Amino acid sequence: MEQKYILENQNSFNSTHIFECGQCFRWNKEEDNNYTGIFKNNVINVKEEKNQIIFSGICEGDIKEECINYFDLDQDYESIKNRLSKIDNYLANSIKYGEGIRILNQDLWETIISFIISANNNIPRIKGIIERLAKQYGKEIEFRGKKYYTFPTPEELSNASIEDFRKLGLGFRDVRVYETVQKTLNKEIDLVKLENENNVETLREELLKIPGVGPKVADCIMLFSLKKYQVFPVDVWVRRVISELYFENEEQKPKTIQGFAKKQYGDLAGLAQQYLFYWRRDLA
DNA sequence: ATGCAGGCGCGCA
DNA sequence: TGCGCGCCTGCA
């Protein structure tokens, strides 16, 4: 049964900015610019009218609570943007460009597996792989006549072999995902412990023990699922944009970039990263 | 068509 | 510890 939640007068919310800024893989654009996506056991459509954001869909719990949590609606992005805009004009301009970005509060397990898959990969292919994984191993939910599939839990993936993953197109990431599933099932990887670890350095160390998780993927997991707004994932685009703007187009090493980001943007570096990434990648 | 795409893991100094 | 290189695959 469909539920609905309407959010009024929220200026910092733009579906395109939120869903196309590289943080998520399971939202797809419908005809008139609204988006349908799936998180946890919820299938939600997001539609923007003047002064209104309309969330509707199939929800396990209360749609309002689910959306407030997932879309980080208790966070005051206006004041965050004001703070960041004072830092420098490059950042201020990119914030204007992606003014409706919000960092989603995504499921930890899904984020770990999705970003392992993202390694040396492109977004259309990442999305395809995740859809096939969900269709094969997730639970089906029907919404407005279409079928959607939840992201499979470790238990639902427990019988999948390396070869099964390879057939779904994971490529060399098959072993990494397989081992991560197994280590999660036998508690070598403890998702609850990871969720409760608030020290970023300790957390990063723990995440780096997961097969297929290197520095970039660890940072993405911390930013996109664990609300660690100070981490600054450095991918090719971020490396490019920071080098261009602040280092006279001289390519810098990721470590230099991260040091610079910490100094320049401080405890909201991760949010700055999203605005800069979205702005720069859209130019290309 | 051949390099590239949101890296990681390995081997070698 | 710091590099360089190979890797599945699909898409431009």
# chains A, B, ... in the order shown; residues from 1 in each chain; ligands from 1
>>> residues_around(residues="DG10 (chain C)", least_positions_apart="6", cutoff="12 Å", atoms="only C-alpha atoms (C1' of nucleotides)", output="MDAnalysis selection string")
(chainID A and resid 121:126 128:129 169:171) or (chainID B and resid 4:5)
>>> write_last_selection(atoms="C-alpha atoms (C1' of nucleotides)", output="PDB file, in the first residue's frame")
ATOM      1  CA  ASN A 121      34.566   1.027 -13.255  1.00  0.00           C
ATOM      2  CA  ASN A 122      32.064   3.444 -14.746  1.00  0.00           C
ATOM      3  CA  ILE A 123      28.671   4.446 -13.419  1.00  0.00           C
ATOM      4  CA  PRO A 124      26.382   2.833 -16.037  1.00  0.00           C
ATOM      5  CA  ARG A 125      28.174  -0.458 -15.589  1.00  0.00           C
ATOM      6  CA  ILE A 126      28.189  -0.219 -11.782  1.00  0.00           C
ATOM      7  CA  GLY A 128      23.889  -2.578 -14.174  1.00  0.00           C
ATOM      8  CA  ILE A 129      25.867  -4.944 -11.962  1.00  0.00           C
ATOM      9  CA  GLY A 169      29.557  -9.122 -14.754  1.00  0.00           C
ATOM     10  CA  LEU A 170      31.567  -8.193 -11.674  1.00  0.00           C
ATOM     11  CA  GLY A 171      34.828  -9.020 -13.416  1.00  0.00           C
TER      12      GLY A 171
ATOM     13  C1'  DC B   4      39.115   4.791 -20.390  1.00  0.00           C
ATOM     14  C1'  DA B   5      35.999   4.453 -16.050  1.00  0.00           C
TER      15       DA B   5
END
>>> interface_residues(of="chain B", to="chain A", cutoff="7 Å", atoms="only C-alpha atoms (C1' of nucleotides)", output="PyMOL selection string")
chain B and resi 5-8
>>> interface_residues(of="chain C", to="chain A", cutoff="9 Å", atoms="only C-alpha atoms (C1' of nucleotides)", output="list in words")
DC7, DC8, DT9, DG10 and DC11 of chain C
>>> atom_distance(atom1="CA of Leu283 (chain A)", atom2="CA of Gly100 (chain A)")
17.4 Å
>>> residues_around(residues="DC3 (chain C)", least_positions_apart="2", cutoff="10 Å", atoms="only C-alpha atoms (C1' of nucleotides)", output="ChimeraX atom specification")
/B:12-13 /C:1,5
>>> select_by_dssp(residues="region 62-261 of chain A", states="strand (DSSP E)", output="ChimeraX atom specification")
/A:140-143,146-149
>>> atom_distance(atom1="CA of Gly57 (chain A)", atom2="CA of Tyr77 (chain A)")
25.1 Å
>>> atom_distance(atom1="CA of Gln52 (chain A)", atom2="CA of Asn82 (chain A)")
22.5 Å
>>> decode(residues="chain C", atoms="N, CA and C atoms (P, O5', C5', C4', C3', O3' and C1' of nucleotides)", output="PDB file, in the first residue's frame")
ATOM      1  P    DT C   1      56.794   1.356   6.482  1.00  0.00           P
ATOM      2  O5'  DT C   1      56.871   2.438   5.322  1.00  0.00           O
ATOM      3  C5'  DT C   1      57.108   3.820   5.338  1.00  0.00           C
ATOM      4  C4'  DT C   1      56.977   4.241   3.887  1.00  0.00           C
ATOM      5  C3'  DT C   1      55.528   4.326   3.408  1.00  0.00           C
ATOM      6  O3'  DT C   1      55.280   5.632   2.881  1.00  0.00           O
ATOM      7  C1'  DT C   1      56.783   2.785   2.027  1.00  0.00           C
ATOM      8  P    DG C   2      55.274   6.187   1.493  1.00  0.00           P
ATOM      9  O5'  DG C   2      56.509   5.434   0.766  1.00  0.00           O
ATOM     10  C5'  DG C   2      57.521   6.173   0.088  1.00  0.00           C
ATOM     11  C4'  DG C   2      57.540   5.751  -1.369  1.00  0.00           C
ATOM     12  C3'  DG C   2      56.308   6.204  -2.163  1.00  0.00           C
ATOM     13  O3'  DG C   2      56.742   6.744  -3.400  1.00  0.00           O
ATOM     14  C1'  DG C   2      56.617   3.874  -2.411  1.00  0.00           C
ATOM     15  P    DC C   3      55.842   7.552  -4.324  1.00  0.00           P
ATOM     16  O5'  DC C   3      55.365   6.443  -5.360  1.00  0.00           O
ATOM     17  C5'  DC C   3      55.767   6.586  -6.688  1.00  0.00           C
ATOM     18  C4'  DC C   3      56.342   5.276  -7.222  1.00  0.00           C
ATOM     19  C3'  DC C   3      55.559   4.763  -8.421  1.00  0.00           C
ATOM     20  O3'  DC C   3      56.236   5.139  -9.608  1.00  0.00           O
ATOM     21  C1'  DC C   3      56.080   2.992  -6.865  1.00  0.00           C
ATOM     22  P    DG C   4      55.411   5.355 -10.943  1.00  0.00           P
ATOM     23  O5'  DG C   4      55.451   3.913 -11.614  1.00  0.00           O
ATOM     24  C5'  DG C   4      56.648   3.145 -11.693  1.00  0.00           C
ATOM     25  C4'  DG C   4      56.284   1.759 -12.191  1.00  0.00           C
ATOM     26  C3'  DG C   4      55.213   1.783 -13.285  1.00  0.00           C
ATOM     27  O3'  DG C   4      55.543   0.827 -14.279  1.00  0.00           O
ATOM     28  C1'  DG C   4      54.419   0.539 -11.416  1.00  0.00           C
ATOM     29  P    DC C   5      54.826   0.829 -15.668  1.00  0.00           P
ATOM     30  O5'  DC C   5      53.938  -0.483 -15.590  1.00  0.00           O
ATOM     31  C5'  DC C   5      54.545  -1.725 -15.243  1.00  0.00           C
ATOM     32  C4'  DC C   5      53.472  -2.704 -14.798  1.00  0.00           C
ATOM     33  C3'  DC C   5      52.278  -2.778 -15.767  1.00  0.00           C
ATOM     34  O3'  DC C   5      52.126  -4.113 -16.204  1.00  0.00           O
ATOM     35  C1'  DC C   5      51.549  -2.560 -13.506  1.00  0.00           C
ATOM     36  P    DG C   6      51.394  -4.398 -17.572  1.00  0.00           P
ATOM     37  O5'  DG C   6      50.300  -5.444 -17.091  1.00  0.00           O
ATOM     38  C5'  DG C   6      50.685  -6.563 -16.284  1.00  0.00           C
ATOM     39  C4'  DG C   6      49.457  -7.096 -15.567  1.00  0.00           C
ATOM     40  C3'  DG C   6      48.226  -7.230 -16.467  1.00  0.00           C
ATOM     41  O3'  DG C   6      47.629  -8.497 -16.214  1.00  0.00           O
ATOM     42  C1'  DG C   6      47.705  -5.872 -14.588  1.00  0.00           C
ATOM     43  P    DC C   7      46.517  -9.040 -17.161  1.00  0.00           P
ATOM     44  O5'  DC C   7      45.224  -8.855 -16.248  1.00  0.00           O
ATOM     45  C5'  DC C   7      45.209  -9.331 -14.890  1.00  0.00           C
ATOM     46  C4'  DC C   7      43.948  -8.817 -14.213  1.00  0.00           C
ATOM     47  C3'  DC C   7      42.705  -8.869 -15.115  1.00  0.00           C
ATOM     48  O3'  DC C   7      41.637  -9.406 -14.371  1.00  0.00           O
ATOM     49  C1'  DC C   7      42.959  -6.715 -14.208  1.00  0.00           C
ATOM     50  P    DC C   8      41.339 -10.965 -14.470  1.00  0.00           P
ATOM     51  O5'  DC C   8      39.798 -10.965 -14.750  1.00  0.00           O
ATOM     52  C5'  DC C   8      39.317 -10.527 -15.973  1.00  0.00           C
ATOM     53  C4'  DC C   8      37.903 -10.073 -15.755  1.00  0.00           C
ATOM     54  C3'  DC C   8      37.102 -10.030 -17.052  1.00  0.00           C
ATOM     55  O3'  DC C   8      35.792 -10.502 -16.750  1.00  0.00           O
ATOM     56  C1'  DC C   8      37.065  -7.924 -16.024  1.00  0.00           C
ATOM     57  P    DT C   9      34.780 -10.758 -17.969  1.00  0.00           P
ATOM     58  O5'  DT C   9      34.230  -9.308 -18.309  1.00  0.00           O
ATOM     59  C5'  DT C   9      33.396  -8.640 -17.383  1.00  0.00           C
ATOM     60  C4'  DT C   9      33.034  -7.276 -17.933  1.00  0.00           C
ATOM     61  C3'  DT C   9      32.635  -7.269 -19.410  1.00  0.00           C
ATOM     62  O3'  DT C   9      31.312  -6.781 -19.472  1.00  0.00           O
ATOM     63  C1'  DT C   9      34.076  -5.470 -18.889  1.00  0.00           C
ATOM     64  P    DG C  10      30.384  -7.028 -20.727  1.00  0.00           P
ATOM     65  O5'  DG C  10      29.966  -5.530 -21.058  1.00  0.00           O
ATOM     66  C5'  DG C  10      29.422  -4.707 -20.026  1.00  0.00           C
ATOM     67  C4'  DG C  10      29.555  -3.253 -20.432  1.00  0.00           C
ATOM     68  C3'  DG C  10      29.075  -2.933 -21.850  1.00  0.00           C
ATOM     69  O3'  DG C  10      28.492  -1.639 -21.804  1.00  0.00           O
ATOM     70  C1'  DG C  10      31.300  -2.265 -21.605  1.00  0.00           C
ATOM     71  P    DC C  11      27.452  -1.176 -22.918  1.00  0.00           P
ATOM     72  O5'  DC C  11      27.449   0.398 -22.707  1.00  0.00           O
ATOM     73  C5'  DC C  11      28.198   1.022 -21.660  1.00  0.00           C
ATOM     74  C4'  DC C  11      29.159   2.055 -22.228  1.00  0.00           C
ATOM     75  C3'  DC C  11      28.759   2.573 -23.622  1.00  0.00           C
ATOM     76  O3'  DC C  11      28.699   3.995 -23.601  1.00  0.00           O
ATOM     77  C1'  DC C  11      31.046   1.986 -23.568  1.00  0.00           C
ATOM     78  P    DA C  12      28.082   4.751 -24.877  1.00  0.00           P
ATOM     79  O5'  DA C  12      29.312   5.686 -25.293  1.00  0.00           O
ATOM     80  C5'  DA C  12      29.743   6.734 -24.436  1.00  0.00           C
ATOM     81  C4'  DA C  12      31.071   7.268 -24.910  1.00  0.00           C
ATOM     82  C3'  DA C  12      31.009   7.962 -26.274  1.00  0.00           C
ATOM     83  O3'  DA C  12      31.657   9.211 -26.254  1.00  0.00           O
ATOM     84  C1'  DA C  12      32.617   6.165 -26.304  1.00  0.00           C
TER      85       DA C  12
END
